[in-house]
Structure formats: structure tokens, C-alpha cells
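Q: This is protein-v1.txt, which holds compact mmCIF, C-alpha atoms:
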```
# COMPACT_ATOMS: atom_id res chain seq x y z
CA MET A 1 71.10 -91.14 -86.61
CA ASN A 2 70.62 -91.35 -90.34
CA GLN A 3 69.12 -87.90 -90.56
CA ALA A 4 71.04 -85.47 -92.75
CA GLU A 5 71.98 -82.09 -91.43
CA VAL A 6 69.46 -79.59 -92.70
CA SER A 7 72.04 -76.84 -92.98
CA LYS A 8 73.95 -78.88 -95.52
CA LEU A 9 70.87 -79.46 -97.67
CA VAL A 10 69.53 -75.93 -97.85
CA SER A 11 71.52 -72.75 -97.65
CA LYS A 12 70.36 -70.41 -94.94
CA LEU A 13 68.92 -67.17 -96.27
CA ARG A 14 69.76 -63.82 -94.73
CA ILE A 15 66.18 -62.62 -94.83
CA ASN A 16 63.14 -63.59 -92.83
CA VAL A 17 61.32 -66.48 -94.47
CA PRO A 18 57.78 -66.96 -93.17
CA PRO A 19 56.71 -70.54 -92.39
CA THR A 20 53.98 -70.56 -95.04
CA HIS A 21 53.99 -69.26 -98.55
CA ARG A 22 51.77 -66.41 -99.68
CA LYS A 23 48.91 -67.12 -102.06
CA LEU A 24 48.92 -64.84 -105.08
CA ARG A 25 45.57 -64.64 -106.75
CA SER A 26 45.60 -66.20 -110.17
CA PRO A 27 43.02 -68.02 -112.31
CA LYS A 28 45.56 -70.79 -112.86
CA GLY A 29 45.91 -71.47 -109.15
CA PRO A 30 49.26 -72.44 -107.62
CA GLU A 31 50.78 -72.83 -111.06
CA GLY A 32 49.81 -69.28 -111.93
CA ARG A 33 51.43 -68.09 -108.72
CA ILE A 34 54.73 -69.68 -109.69
CA ASP A 35 54.44 -68.17 -113.16
CA LYS A 36 53.98 -64.72 -111.67
CA LEU A 37 56.97 -65.19 -109.38
CA ARG A 38 59.14 -66.43 -112.24
CA LYS A 39 58.34 -63.27 -114.16
CA THR A 40 59.20 -61.12 -111.16
CA VAL A 41 62.45 -62.94 -110.41
CA THR A 42 63.46 -62.63 -114.06
CA GLY A 43 62.63 -58.92 -114.03
CA LEU A 44 64.60 -58.35 -110.85
CA VAL A 45 67.70 -60.09 -112.16
CA LYS A 46 67.37 -58.22 -115.43
CA PHE A 47 66.69 -54.67 -114.25
CA GLU A 48 68.22 -54.89 -110.76
CA ARG A 49 65.63 -52.44 -109.42
CA ILE A 50 61.87 -52.79 -109.81
CA GLU A 51 58.81 -51.28 -108.18
CA LEU A 52 55.85 -53.57 -107.46
CA ASN A 53 53.25 -54.58 -104.91
CA TYR A 54 54.49 -55.64 -101.50
CA ASN A 55 53.04 -59.16 -101.50
CA ARG A 56 54.54 -60.16 -104.80
CA ALA A 57 57.84 -58.45 -104.07
CA ASP A 58 58.28 -60.10 -100.68
CA GLU A 59 57.47 -63.49 -102.15
CA ALA A 60 59.74 -63.06 -105.19
CA ARG A 61 62.54 -61.79 -102.97
CA GLN A 62 62.75 -65.12 -101.16
CA TYR A 63 63.05 -67.06 -104.40
CA THR A 64 65.71 -64.68 -105.73
CA GLU A 65 67.74 -64.93 -102.56
CA ARG A 66 67.51 -68.69 -102.67
CA LEU A 67 68.51 -68.79 -106.32
CA ILE A 68 71.57 -66.58 -105.79
CA SER A 69 72.66 -68.43 -102.68
CA GLU A 70 72.37 -71.78 -104.46
CA ALA A 71 74.37 -70.38 -107.37
CA ILE A 72 77.09 -69.19 -104.99
CA ARG A 73 77.09 -72.51 -103.11
CA HIS A 74 77.26 -74.90 -106.02
CA GLY A 75 78.60 -72.92 -108.96
CA ASP A 76 77.65 -73.41 -112.60
CA CYS A 77 78.86 -77.02 -112.91
CA HIS A 78 76.14 -78.37 -110.64
CA LYS A 79 73.25 -79.73 -112.65
CA PRO A 80 70.37 -79.24 -110.17
CA THR A 81 71.41 -75.62 -109.63
CA MET A 82 71.57 -75.06 -113.36
CA ASP A 83 68.10 -76.57 -113.74
CA THR A 84 66.78 -74.30 -110.98
CA ALA A 85 68.28 -71.27 -112.70
CA ASN A 86 66.83 -72.43 -116.00
CA PHE A 87 63.41 -72.74 -114.38
CA TRP A 88 63.39 -69.38 -112.60
CA LEU A 89 65.00 -67.21 -115.26
CA LEU A 90 62.71 -66.98 -118.26
CA GLU A 91 65.24 -65.07 -120.37
CA LYS A 92 68.09 -67.45 -120.83
CA GLU A 93 70.86 -64.86 -121.17
CA LEU A 94 70.19 -64.02 -117.53
CA ILE A 95 71.59 -67.42 -116.51
CA HIS A 96 74.95 -66.11 -117.69
CA LYS A 97 74.39 -62.96 -115.70
CA LEU A 98 73.56 -64.97 -112.58
CA PHE A 99 76.76 -67.00 -112.67
CA LYS A 100 79.15 -64.47 -114.20
CA VAL A 101 77.99 -61.20 -112.66
CA LEU A 102 75.92 -61.82 -109.55
CA VAL A 103 77.90 -64.71 -108.07
CA PRO A 104 81.22 -62.79 -108.07
CA ARG A 105 79.40 -59.72 -106.74
CA TYR A 106 77.88 -61.47 -103.73
CA GLU A 107 80.49 -64.12 -102.99
CA THR A 108 82.05 -62.14 -100.18
CA SER A 109 78.96 -60.36 -98.87
CA ASN A 110 77.75 -61.02 -95.34
CA SER A 111 74.23 -59.69 -95.72
CA SER A 112 71.23 -60.38 -97.93
CA TYR A 113 71.56 -59.94 -101.67
CA THR A 114 68.38 -57.95 -102.16
CA ARG A 115 66.90 -54.87 -100.57
CA LEU A 116 63.19 -54.21 -100.05
CA ILE A 117 62.19 -50.61 -99.35
CA ASN A 118 58.70 -49.17 -98.98
CA ALA A 119 57.82 -46.82 -101.80
CA PRO A 120 55.84 -43.63 -101.11
CA LYS A 121 52.07 -44.11 -100.98
CA PRO A 122 50.05 -41.94 -103.34
CA GLN A 123 48.03 -39.42 -101.35
CA TYR A 124 44.88 -40.10 -103.35
CA GLY A 125 44.15 -43.31 -105.13
CA ARG A 126 44.15 -46.99 -104.44
CA ASN A 127 45.62 -47.84 -101.10
CA ILE A 128 48.22 -50.37 -102.21
CA ASP A 129 51.52 -51.02 -100.49
CA LYS A 130 54.16 -50.45 -103.13
CA VAL A 131 57.78 -51.37 -102.57
CA VAL A 132 61.05 -51.04 -104.41
CA LEU A 133 62.92 -54.32 -104.74
CA GLU A 134 66.55 -54.12 -105.80
CA LEU A 135 69.70 -56.16 -106.00
CA LYS A 136 72.45 -54.79 -103.83
CA GLY A 137 75.47 -53.32 -105.56
CA ASN A 138 73.50 -52.01 -108.53
CA PRO A 139 74.81 -49.03 -110.50
CA PHE A 140 71.79 -46.83 -109.82
CA PRO A 141 71.60 -43.89 -107.41
CA ASP A 142 70.95 -44.84 -103.80
CA LEU A 143 67.34 -44.89 -102.66
CA ILE A 144 68.16 -43.93 -99.11
CA ASN A 145 70.70 -41.18 -99.32
CA ASN A 146 71.17 -39.77 -95.87
CA ASN A 147 74.03 -37.33 -95.93
CA THR A 148 73.40 -35.64 -92.61
CA ASN A 149 76.49 -37.21 -91.05
CA ASN A 150 78.63 -36.55 -94.09
CA LYS A 151 81.51 -34.25 -93.18
CA LEU A 152 81.51 -32.83 -96.67
CA LEU A 153 77.86 -31.76 -96.58
CA ILE A 154 77.84 -27.99 -97.08
CA GLN A 155 75.85 -27.34 -93.90
CA ASN A 156 78.31 -29.44 -91.89
CA VAL A 157 81.29 -27.65 -93.47
CA LEU A 158 79.78 -24.27 -92.58
CA LEU A 159 78.90 -25.38 -89.04
CA ASP A 160 82.42 -26.71 -88.50
CA ALA A 161 83.90 -23.43 -89.72
CA ALA A 162 81.55 -21.45 -87.45
CA LYS A 163 82.48 -23.64 -84.47
CA GLN A 164 86.17 -23.12 -85.16
CA ASP A 165 85.69 -19.36 -85.46
CA TYR A 166 83.83 -19.24 -82.17
CA ARG A 167 86.49 -21.30 -80.41
CA GLN A 168 89.25 -19.09 -81.83
CA SER A 169 87.53 -15.92 -80.63
CA LYS A 170 87.08 -17.41 -77.15
CA ILE A 171 90.73 -18.41 -77.01
CA ASN A 172 91.76 -14.92 -78.05
CA GLU A 173 89.56 -13.43 -75.34
CA ILE A 174 91.08 -15.67 -72.69
CA ALA A 175 94.56 -14.83 -73.92
CA LYS A 176 93.79 -11.09 -73.63
CA ASN A 177 92.44 -11.45 -70.10
CA ILE A 178 95.39 -13.44 -68.78
CA GLY A 179 97.28 -10.26 -67.78
CA LYS A 180 94.18 -8.67 -66.22
CA THR A 181 93.15 -11.68 -64.16
CA GLU A 182 96.41 -11.48 -62.17
CA ASN A 183 95.42 -8.01 -60.91
CA ALA A 184 91.76 -8.84 -60.41
CA PRO A 185 92.16 -11.15 -57.39
CA LEU A 186 94.29 -8.46 -55.67
CA ASN A 187 91.51 -5.89 -56.05
CA GLU A 188 88.93 -8.34 -54.83
CA SER A 189 91.01 -9.22 -51.77
CA SER A 190 91.46 -5.51 -50.90
CA LYS A 191 87.69 -4.96 -51.25
CA LYS A 192 86.71 -7.96 -49.19
CA PRO A 193 87.53 -6.54 -45.76
CA GLU A 194 85.51 -3.44 -46.59
CA ALA A 195 82.36 -5.38 -47.35
CA PRO A 196 81.56 -6.64 -43.83
CA GLU A 197 82.04 -3.13 -42.44
CA LYS A 198 79.11 -1.73 -44.40
CA PRO A 199 76.35 -3.76 -42.67
CA VAL A 200 77.88 -2.84 -39.32
CA GLU A 201 77.57 0.86 -40.13
CA SER A 202 73.94 0.51 -41.18
CA MET B 1 -21.76 -2.49 -53.98
CA ILE B 2 -19.91 -4.95 -56.19
CA PRO B 3 -23.11 -6.49 -57.72
CA ARG B 4 -24.21 -2.97 -58.73
CA LEU B 5 -20.97 -2.08 -60.50
CA PRO B 6 -21.67 -3.85 -63.83
CA HIS B 7 -25.07 -2.27 -63.94
CA ILE B 8 -23.54 1.17 -63.55
CA VAL B 9 -20.93 0.41 -66.23
CA GLN B 10 -23.70 -0.71 -68.62
CA LEU B 11 -25.62 2.46 -67.87
CA MET B 12 -22.59 4.58 -68.65
CA LYS B 13 -22.08 2.72 -71.92
CA ASN B 14 -25.72 3.35 -72.91
CA VAL B 15 -25.40 7.05 -72.20
CA GLU B 16 -22.25 7.17 -74.25
CA ARG B 17 -23.84 5.36 -77.19
CA ASN B 18 -26.89 7.64 -77.12
CA LEU B 19 -24.70 10.73 -77.05
CA PHE B 20 -22.73 9.46 -80.11
CA HIS B 21 -26.01 8.76 -81.96
CA MET B 22 -27.22 12.27 -81.18
CA PHE B 23 -24.21 13.84 -82.94
CA GLY B 24 -24.43 11.43 -85.83
CA TYR B 25 -21.38 9.33 -85.06
CA PRO B 26 -20.43 6.84 -86.47
CA PRO B 27 -21.94 7.62 -89.89
CA LYS B 28 -24.62 5.14 -90.99
CA GLU B 29 -22.88 4.54 -94.31
CA LEU B 30 -20.19 2.62 -92.54
CA ALA B 31 -22.57 0.27 -90.87
CA LEU B 32 -22.12 -3.42 -91.61
CA ALA B 33 -24.68 -4.82 -93.99
CA TYR B 34 -25.18 -8.50 -93.55
CA VAL B 35 -27.84 -10.86 -92.57
CA HIS B 36 -27.03 -13.16 -89.72
CA GLU B 37 -28.25 -16.66 -90.07
CA ASN B 38 -27.52 -19.83 -88.15
CA LYS B 39 -26.36 -22.48 -90.58
CA PRO B 40 -26.96 -26.04 -89.59
CA ALA B 41 -23.61 -27.79 -88.78
CA ALA B 42 -22.41 -30.24 -91.44
CA PRO B 43 -22.75 -33.86 -90.39
CA LEU B 44 -19.30 -35.21 -89.15
CA LYS B 45 -17.80 -37.70 -91.59
CA LYS B 46 -15.78 -40.54 -90.14
CA PHE B 47 -12.03 -40.36 -91.10
CA SER B 48 -10.95 -43.21 -93.33
CA ILE B 49 -7.46 -44.01 -94.72
CA LYS B 50 -9.13 -44.95 -98.03
CA ASP B 51 -9.98 -41.30 -98.65
CA ILE B 52 -6.23 -40.53 -98.81
CA VAL B 53 -5.00 -43.64 -100.61
CA GLY B 54 -7.69 -43.82 -103.24
CA ASP B 55 -6.36 -43.86 -106.80
CA GLY B 56 -2.90 -42.34 -105.96
CA PHE B 57 0.32 -44.17 -105.22
CA LEU B 58 2.63 -44.21 -102.20
CA LEU B 59 6.36 -43.59 -102.19
CA ALA B 60 8.73 -46.08 -100.54
CA VAL B 61 9.26 -45.06 -96.97
CA PRO B 62 11.16 -46.65 -94.13
CA LYS B 63 9.13 -49.33 -92.47
CA PHE B 64 11.15 -49.63 -89.29
CA ARG B 65 13.15 -47.24 -87.18
CA ARG B 66 16.91 -47.27 -87.84
CA THR B 67 18.70 -48.04 -84.60
CA ILE B 68 21.09 -45.55 -83.05
CA GLU B 69 24.03 -47.88 -83.56
CA LYS B 70 23.29 -48.24 -87.26
CA LYS B 71 22.82 -44.50 -87.60
CA LEU B 72 26.21 -43.82 -86.01
CA LYS B 73 27.89 -46.53 -88.07
CA ARG B 74 26.52 -45.02 -91.27
CA LYS B 75 27.62 -41.57 -90.24
CA PHE B 76 31.08 -42.19 -88.80
CA GLY B 77 32.01 -45.67 -89.98
CA SER B 78 33.76 -48.17 -87.82
CA PRO B 79 37.32 -47.68 -86.57
CA GLU B 80 38.17 -51.32 -87.29
CA TYR B 81 36.98 -51.27 -90.89
CA VAL B 82 36.26 -47.94 -92.56
CA TRP B 83 36.68 -44.98 -90.24
CA LYS B 84 35.17 -41.93 -91.88
CA MET B 85 36.35 -39.31 -89.39
CA LEU B 86 39.29 -37.08 -90.28
CA VAL B 87 42.10 -38.28 -88.07
CA PRO B 88 45.44 -36.47 -87.86
CA LYS B 89 48.38 -38.50 -89.13
CA ASN B 90 51.16 -38.81 -86.59
CA ASN B 91 53.61 -40.61 -88.83
CA ILE B 92 54.73 -37.72 -91.01
CA LYS B 93 58.43 -36.93 -91.05
CA VAL B 94 60.57 -34.32 -92.74
CA CYS B 95 63.04 -35.66 -95.28
CA GLN B 96 66.64 -35.12 -94.19
CA ASN B 97 67.78 -34.41 -97.72
CA CYS B 98 65.12 -32.29 -99.39
CA GLY B 99 62.87 -31.08 -96.56
CA HIS B 100 59.67 -32.46 -98.05
CA HIS B 101 57.29 -34.41 -95.88
CA HIS B 102 56.93 -38.15 -96.15
CA GLU B 103 55.43 -41.03 -94.25
CA LYS B 104 57.60 -42.65 -91.63
CA GLY B 105 59.18 -45.88 -92.85
CA ARG B 106 58.68 -44.96 -96.49
CA LEU B 107 60.78 -43.23 -99.08
CA CYS B 108 60.42 -39.49 -99.57
CA GLU B 109 58.26 -38.97 -102.63
CA HIS B 110 60.29 -36.00 -103.87
CA CYS B 111 63.67 -37.71 -103.57
CA TYR B 112 62.32 -40.98 -104.93
CA SER B 113 60.84 -39.39 -108.04
CA LYS B 114 64.28 -38.01 -108.93
CA VAL B 115 65.98 -41.34 -108.23
CA LYS B 116 63.33 -43.18 -110.25
CA ALA B 117 63.74 -40.94 -113.28
CA GLU B 118 67.52 -41.29 -113.17
CA THR B 119 67.29 -45.06 -112.69
CA GLU B 120 65.00 -45.45 -115.68
CA GLU B 121 67.37 -43.35 -117.77
CA ILE B 122 70.35 -45.50 -116.80
CA GLN B 123 68.37 -48.70 -117.39
CA ALA B 124 67.43 -47.53 -120.88
CA LYS B 125 71.05 -46.64 -121.58
CA ILE B 126 72.25 -50.03 -120.36
CA LYS B 127 69.72 -51.78 -122.56
CA GLU B 128 70.71 -49.69 -125.57
CA LYS B 129 74.43 -50.27 -125.03
CA LEU B 130 74.04 -54.00 -124.46
CA GLY B 131 72.00 -54.79 -127.55
CA ILE B 132 71.84 -58.54 -128.06
CA ASN B 133 75.16 -59.38 -126.42
CA PRO B 134 75.19 -61.83 -123.51
CA ILE B 135 75.33 -60.23 -120.07
CA GLU B 136 78.69 -61.26 -118.72
CA HIS B 137 80.04 -58.18 -117.04
CA ASP B 138 79.05 -55.80 -114.30
CA VAL B 139 78.00 -52.25 -115.10
CA VAL B 140 79.81 -49.04 -114.15
CA VAL B 141 78.06 -45.75 -114.82
CA LEU B 142 80.18 -42.74 -115.69
CA TYR B 143 78.80 -39.28 -116.28
CA LYS B 144 80.12 -36.59 -118.57
CA GLY B 145 83.51 -35.25 -117.57
CA GLU B 146 84.23 -38.15 -115.22
CA SER B 147 87.25 -40.35 -115.65
CA LEU B 148 87.77 -43.86 -114.33
CA PRO B 149 88.51 -43.85 -110.62
CA ASP B 150 91.92 -45.03 -109.50
CA GLU B 151 91.59 -48.77 -109.55
CA PRO B 152 93.94 -51.48 -110.87
CA LYS B 153 93.51 -52.45 -114.49
CA GLU B 154 92.23 -55.90 -113.57
CA PHE B 155 89.28 -54.23 -111.85
CA TRP B 156 88.17 -52.66 -115.12
CA LYS B 157 88.78 -55.72 -117.24
CA GLY B 158 85.34 -57.24 -116.84
CA LYS B 159 83.13 -54.16 -116.67
CA ARG B 160 80.59 -52.65 -118.99
CA ILE B 161 81.12 -48.92 -118.84
CA ILE B 162 77.95 -46.95 -119.45
CA GLU B 163 78.57 -43.30 -120.27
CA MET B 164 75.74 -40.89 -119.63
CA LYS B 165 75.77 -37.87 -121.94
CA LYS B 166 75.13 -35.40 -119.14
CA GLU B 167 76.79 -34.27 -115.96
CA ARG B 168 76.27 -36.18 -112.76
CA PRO B 169 73.19 -34.91 -110.89
CA GLN B 170 74.19 -32.99 -107.81
CA TRP B 171 72.14 -35.15 -105.45
CA PHE B 172 73.76 -38.30 -106.81
CA SER B 173 77.29 -37.14 -106.02
CA LYS B 174 79.18 -38.46 -103.07
CA ASN B 175 81.22 -35.34 -102.50
CA LEU B 176 79.05 -32.30 -101.98
CA LEU B 177 81.97 -29.89 -102.14
CA GLN B 178 82.56 -30.59 -105.80
CA LYS B 179 81.32 -28.38 -108.60
CA THR B 180 77.58 -28.10 -109.01
CA THR B 181 76.00 -29.01 -112.30
CA GLN B 182 73.67 -26.03 -112.21
CA GLN B 183 74.88 -23.20 -114.42
CA PRO B 184 75.15 -19.75 -112.80
CA SER B 185 72.32 -17.50 -113.87
CA GLU B 186 73.20 -14.43 -115.99
CA SER B 187 69.72 -13.00 -116.39
CA THR B 188 68.80 -10.00 -114.24
CA ASP B 189 65.05 -10.56 -114.45
CA VAL B 190 63.22 -10.97 -111.22
CA LYS B 191 60.59 -13.69 -111.27
CA PRO B 192 57.72 -13.50 -112.02
CA THR B 193 58.62 -11.37 -115.03
CA ASP B 194 55.14 -10.73 -116.45
CA LEU B 195 53.81 -8.55 -113.64
CA ALA B 196 54.51 -4.98 -114.85
```
Translate this file's structure into C-alpha cells.
A:
Amino acid sequence: MNQAEVSKLVSKLRINVPPTHRKLRSPKGPEGRIDKLRKTVTGLVKFERIELNYNRADEARQYTERLISEAIRHGDCHKPTMDTANFWLLEKELIHKLFKVLVPRYETSNSSYTRLINAPKPQYGRNIDKVVLELKGNPFPDLINNNTNNKLLIQNVLLDAAKQDYRQSKINEIAKNIGKTENAPLNESSKKPEAPEKPVES
Amino acid sequence: MIPRLPHIVQLMKNVERNLFHMFGYPPKELALAYVHENKPAAPLKKFSIKDIVGDGFLLAVPKFRRTIEKKLKRKFGSPEYVWKMLVPKNNIKVCQNCGHHHEKGRLCEHCYSKVKAETEEIQAKIKEKLGINPIEHDVVVLYKGESLPDEPKEFWKGKRIIEMKKERPQWFSKNLLQKTTQQPSESTDVKPTDLA
């Protein structure tokens, strides 16, 4: 067969890519859509964390992932990749960032390069799905910061100390009763024969 | 006997009336003064809608009955499109970090607002520090009083170190046993202070 292997032509992305593209409303038509996405991709690479509408974010995410994966695959000496980067990054200093900062950052990663998290919906106002789109490994504080399993969380430290105290008191109690428990079975055994006599008397 | 009874009642009434007249009761001044006359009945006019319409004008009124379905749709909306009823939300969760409520599958608004403010501050700082230089190095953010973590010197060679001129926010720290950034209060006032 003369057919080339698809996996060698296109790098596989680590995110779900829908079979059809999303139409973004623009007076310029499909060209305007690409313009919008170029702006978003540039912004994402520049700021590393942006908040925007879901549709545009999800669409721009795919292009960013593709761009980074191509950059990792081919490096900066590959002309088509360079042209792609030149097309998608409107601010040209970001091409340097792509190859010098992002490629080393993601070379060894096994997961996707971007993260898409739903932003809180305003209680009153326009009902628009907002999301936060970010590059992984950014220097900003984590969006999802679940410390409940952290051993160093103050509640967990206090609970651990309370558990230890309780266990210690129980152990002390058992240790105190060790001497008494030896006598207790003797008393019980002496009482046992008396017990059946009582019902007989009544 | 029964046919005679009304006659007797009438007789009794006559006697009664005569007795009252004899003692001058009721006084004649109180007697009604009017002349009874039988007016001829007015000729019945046939009702015509033109009498009402005439020179006036009519307001717009519904021409046809609104169906029950339409009435209900207007009142309650449609569950598929716009449902106007107040429906309890079952997707509210309590944030594990701050205890505020947030929608399931979304960020907590309270936590996110803090993260957003801090992120914007760091972004502004990065932009200010970078100026017009090309972006060639990764960024490391250090807060006031923090030193470089123990890493080999090669690790720090290609890094832009951004120093924030404030202490690390408590919620941003990885170790919650370390010192808090909140200063201990020395005031003895009990809030609210303006009550007495």
C-alpha cells in the first residue's frame, strides 16, 4: 500500500478533538473565525492563563495543543513548523517563547499541555459559559487547590493529634486493667454455679 | 268554617281601625299626601347596537378565546425552552477550601476571585519586569522573605525570577504549618465599635 501512516503525519493530541470544527460568528466568515482563534492562541501563549467563553476557548485550545506538539515534534529548524508558529502567533517574540520556554517545559510531559476549567457562573446576568484556559506549569496559584488530603492541613494535624491522644488513653486503660482482669474471671467462675440455683429456689 | 275565617279576620281589622280613629290615632298630619294616577307605559324601544357605538370609539379587545395550553405556556413557560417556575438547584456543593457554595463542576467563586486577583498581579509584574526583552526563559515567582529553593545552579540558569513585594498569601502556600501572613491583632476593640 502506498498510503502513509497517519500517525506519522499528524501528532496525536491528548485532548478530545471533535470531528467537525465549531463555527464562531464573525462578519468576515471563516476567515474571521481564524483571526479570532489566532488572537486567542496568541493571548494564551502570552499570558498563560486567560478567561473567556467556552466555545472560543475549546476551539483555541485544540490549535494551541497542535502548535505545541508540532513544535516539540519538529523543533525550530523545521520550516513548515516555523511557518505555522509564525501564522498562529501574532506577536513575534512569542515564537521564541514557544521554542525556548514551552518546548522544554512540555517535552517530557505525558498529558495535555493546556487545562480548561469551568469558571463560576454569575448568579444574575447573561447566562454564558465562561472557562479558564491555562498552560500547564504556569507560575500562578493553582485554580483547583484541594488540600483536604494534605497531611499538613491544620485540621488534619489536629485530628491526627486527637486520634493519637485517644489511642494513648485507651492503651493506658488497658494497661491498668491487666492486673484486674486476672482476678475477674475467678470471681465470675465462683459466681456461675450460684446463678442456676436462684431460679430453682423461685 | 275555613271560608268564613278571612271574613272574620277582616271584621276584626275593621273594628280595630275604627277604634284607632275614635281615639285620634294615627294623627292626620302624618297622612300621606299624594295623588295616585296611572301613567301610560312608555312604548318599548327595540335594542340596537348602534345606540351604544354611535360617535364613541372601541378599545382593542381579544377577538378569540386564548386556549388553555397557550394560557399555561404564557404563565409557566415551557420546560424545554424557558421554564419560569422556581426550581431548586440540586448541583450546589460546598467548597472544600473556603466553605462557600458553588456549582458542581465549576470553580468556587470565592476561591477563584482570590486566585484571579493574584494572577493578574503576577501577570502585571511579569510584564513590567520583562519590558521589551525577548521571552526566552521560564518564570519563577518568589514572594517577600522567600529564598531560592534547593535546586542545582543549572536549574536557575535560565529562569526569570519575579519578586513580589509582599508576603506569600496564606492560601497559596503549600505548607499550611508555616507562618501566617496575617499580623496578630493588638487592638482590644470589639467589633462593631460604633454601637455604644
Q: What is the distance between CA of Cys95 (chain B) and CA of Asn150 (chain A), in Å to one decimal?
A: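 Straight-line distance from CA of Cys95 (chain B) to CA of Asn150 (chain A) works out to 15.7 Å.
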Q: Within 10 Å of Lys114 (chain B), counting all atoms listed in the file, which residues show up once you throw out same-chain ones fewer than 6 positions away? Write them as a list in words, please.
A: Pro141 and Leu143 of chain A; Pro169, Trp171 and Phe172 of chain B
Q: Quick one: distance from CA of Ala71 (chain A) to CA of Ile135 (chain B) in Å, one decimal?
A: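 If I compute the distance from CA of Ala71 (chain A) to CA of Ile135 (chain B), I get 16.3 Å.
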Q: Near chain B, meaning an atom within 12 Å, which residues of chain A appear when counting all atoms listed in the file? Write them as an MDAnalysis selection string.
A: chainID A and resid 45:51 91:105 116:123 129:132 134 137:158
Q: Rank B:Lys84, B:Lys165, B:Lys75, B:Lys125 by their smallest atom-to-atom distance to Gly145 (chain B), using only C-alpha atoms, and report the top residue only.
A: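 Comparing B:Lys84, B:Lys165, B:Lys75, B:Lys125 against Gly145 (chain B), the winner is B:Lys165.
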Q: As a tab-separated table (two decimals) with C-alpha atoms, in the coordinates of the input, please: the residues near region 9-21 of chain A (cut-off 12 Å, only C-alpha atoms, same-chain neighbours under 3 positions excluded).
A:
```tsv
chain	number	residue	atom	x	y	z
A	3	GLN	CA	69.12	-87.90	-90.56
A	4	ALA	CA	71.04	-85.47	-92.75
A	5	GLU	CA	71.98	-82.09	-91.43
A	6	VAL	CA	69.46	-79.59	-92.70
A	24	LEU	CA	48.92	-64.84	-105.08
A	30	PRO	CA	49.26	-72.44	-107.62
A	33	ARG	CA	51.43	-68.09	-108.72
A	34	ILE	CA	54.73	-69.68	-109.69
A	37	LEU	CA	56.97	-65.19	-109.38
A	55	ASN	CA	53.04	-59.16	-101.50
A	56	ARG	CA	54.54	-60.16	-104.80
A	58	ASP	CA	58.28	-60.10	-100.68
A	59	GLU	CA	57.47	-63.49	-102.15
A	60	ALA	CA	59.74	-63.06	-105.19
A	61	ARG	CA	62.54	-61.79	-102.97
A	62	GLN	CA	62.75	-65.12	-101.16
A	63	TYR	CA	63.05	-67.06	-104.40
A	64	THR	CA	65.71	-64.68	-105.73
A	65	GLU	CA	67.74	-64.93	-102.56
A	66	ARG	CA	67.51	-68.69	-102.67
A	67	LEU	CA	68.51	-68.79	-106.32
A	68	ILE	CA	71.57	-66.58	-105.79
A	69	SER	CA	72.66	-68.43	-102.68
A	70	GLU	CA	72.37	-71.78	-104.46
A	71	ALA	CA	74.37	-70.38	-107.37
A	72	ILE	CA	77.09	-69.19	-104.99
A	73	ARG	CA	77.09	-72.51	-103.11
A	74	HIS	CA	77.26	-74.90	-106.02
A	81	THR	CA	71.41	-75.62	-109.63
A	109	SER	CA	78.96	-60.36	-98.87
A	110	ASN	CA	77.75	-61.02	-95.34
A	111	SER	CA	74.23	-59.69	-95.72
A	112	SER	CA	71.23	-60.38	-97.93
A	113	TYR	CA	71.56	-59.94	-101.67
A	114	THR	CA	68.38	-57.95	-102.16
A	115	ARG	CA	66.90	-54.87	-100.57
A	116	LEU	CA	63.19	-54.21	-100.05
```
Q: Between CA of Lys36 (chain A) and CA of Ala57 (chain A), what is the distance in Å, rounded to a tenth?
A: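 Atom-to-atom, CA of Lys36 (chain A) to CA of Ala57 (chain A), that is 10.6 Å.
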Q: Please define a box with edges along x, y and z of the file around all atoms of region 99-117 of chain A given in the file, extend it by 6 Å on each side, and return its centre and edge lengths in Å to one decimal, as JSON.
A:
```
{"center_x": 72.1, "center_y": -58.8, "center_z": -104.8, "size_x": 31.9, "size_y": 28.4, "size_z": 30.9}
```
Q: Complete region 99-114 of chain A at the level of N, CA and C atoms, written as a short mmCIF file (atom, residue, chain, number, x, y, z; two decimals), in the coordinates of the input.
A:
```cif
data_model
loop_
_atom_site.label_atom_id
_atom_site.label_comp_id
_atom_site.auth_asym_id
_atom_site.auth_seq_id
_atom_site.Cartn_x
_atom_site.Cartn_y
_atom_site.Cartn_z
N PHE A 99 75.51 -66.33 -113.06
CA PHE A 99 76.76 -67.00 -112.67
C PHE A 99 77.99 -66.14 -112.91
N LYS A 100 77.94 -65.24 -113.87
CA LYS A 100 79.15 -64.47 -114.20
C LYS A 100 79.18 -63.10 -113.56
N VAL A 101 78.01 -62.55 -113.23
CA VAL A 101 77.99 -61.20 -112.66
C VAL A 101 77.58 -61.24 -111.18
N LEU A 102 76.46 -61.91 -110.91
CA LEU A 102 75.92 -61.82 -109.55
C LEU A 102 76.72 -62.68 -108.57
N VAL A 103 77.15 -63.85 -108.99
CA VAL A 103 77.90 -64.71 -108.07
C VAL A 103 79.21 -64.04 -107.62
N PRO A 104 80.03 -63.50 -108.54
CA PRO A 104 81.22 -62.79 -108.07
C PRO A 104 80.90 -61.57 -107.20
N ARG A 105 79.76 -60.93 -107.50
CA ARG A 105 79.40 -59.72 -106.74
C ARG A 105 79.08 -60.05 -105.29
N TYR A 106 78.39 -61.18 -105.08
CA TYR A 106 77.88 -61.47 -103.73
C TYR A 106 78.70 -62.52 -102.99
N GLU A 107 79.73 -63.04 -103.63
CA GLU A 107 80.49 -64.12 -102.99
C GLU A 107 80.97 -63.75 -101.59
N THR A 108 81.43 -62.53 -101.45
CA THR A 108 82.05 -62.14 -100.18
C THR A 108 81.10 -61.38 -99.26
N SER A 109 79.84 -61.20 -99.69
CA SER A 109 78.96 -60.36 -98.87
C SER A 109 78.46 -61.14 -97.65
N ASN A 110 78.21 -60.39 -96.58
CA ASN A 110 77.75 -61.02 -95.34
C ASN A 110 76.27 -60.79 -95.09
N SER A 111 75.64 -60.02 -95.95
CA SER A 111 74.23 -59.69 -95.72
C SER A 111 73.39 -60.23 -96.88
N SER A 112 72.12 -59.88 -96.87
CA SER A 112 71.23 -60.38 -97.93
C SER A 112 71.63 -59.76 -99.26
N TYR A 113 71.17 -60.40 -100.33
CA TYR A 113 71.56 -59.94 -101.67
C TYR A 113 70.57 -58.92 -102.23
N THR A 114 69.39 -58.88 -101.65
CA THR A 114 68.38 -57.95 -102.16
C THR A 114 67.99 -56.97 -101.07
#
```
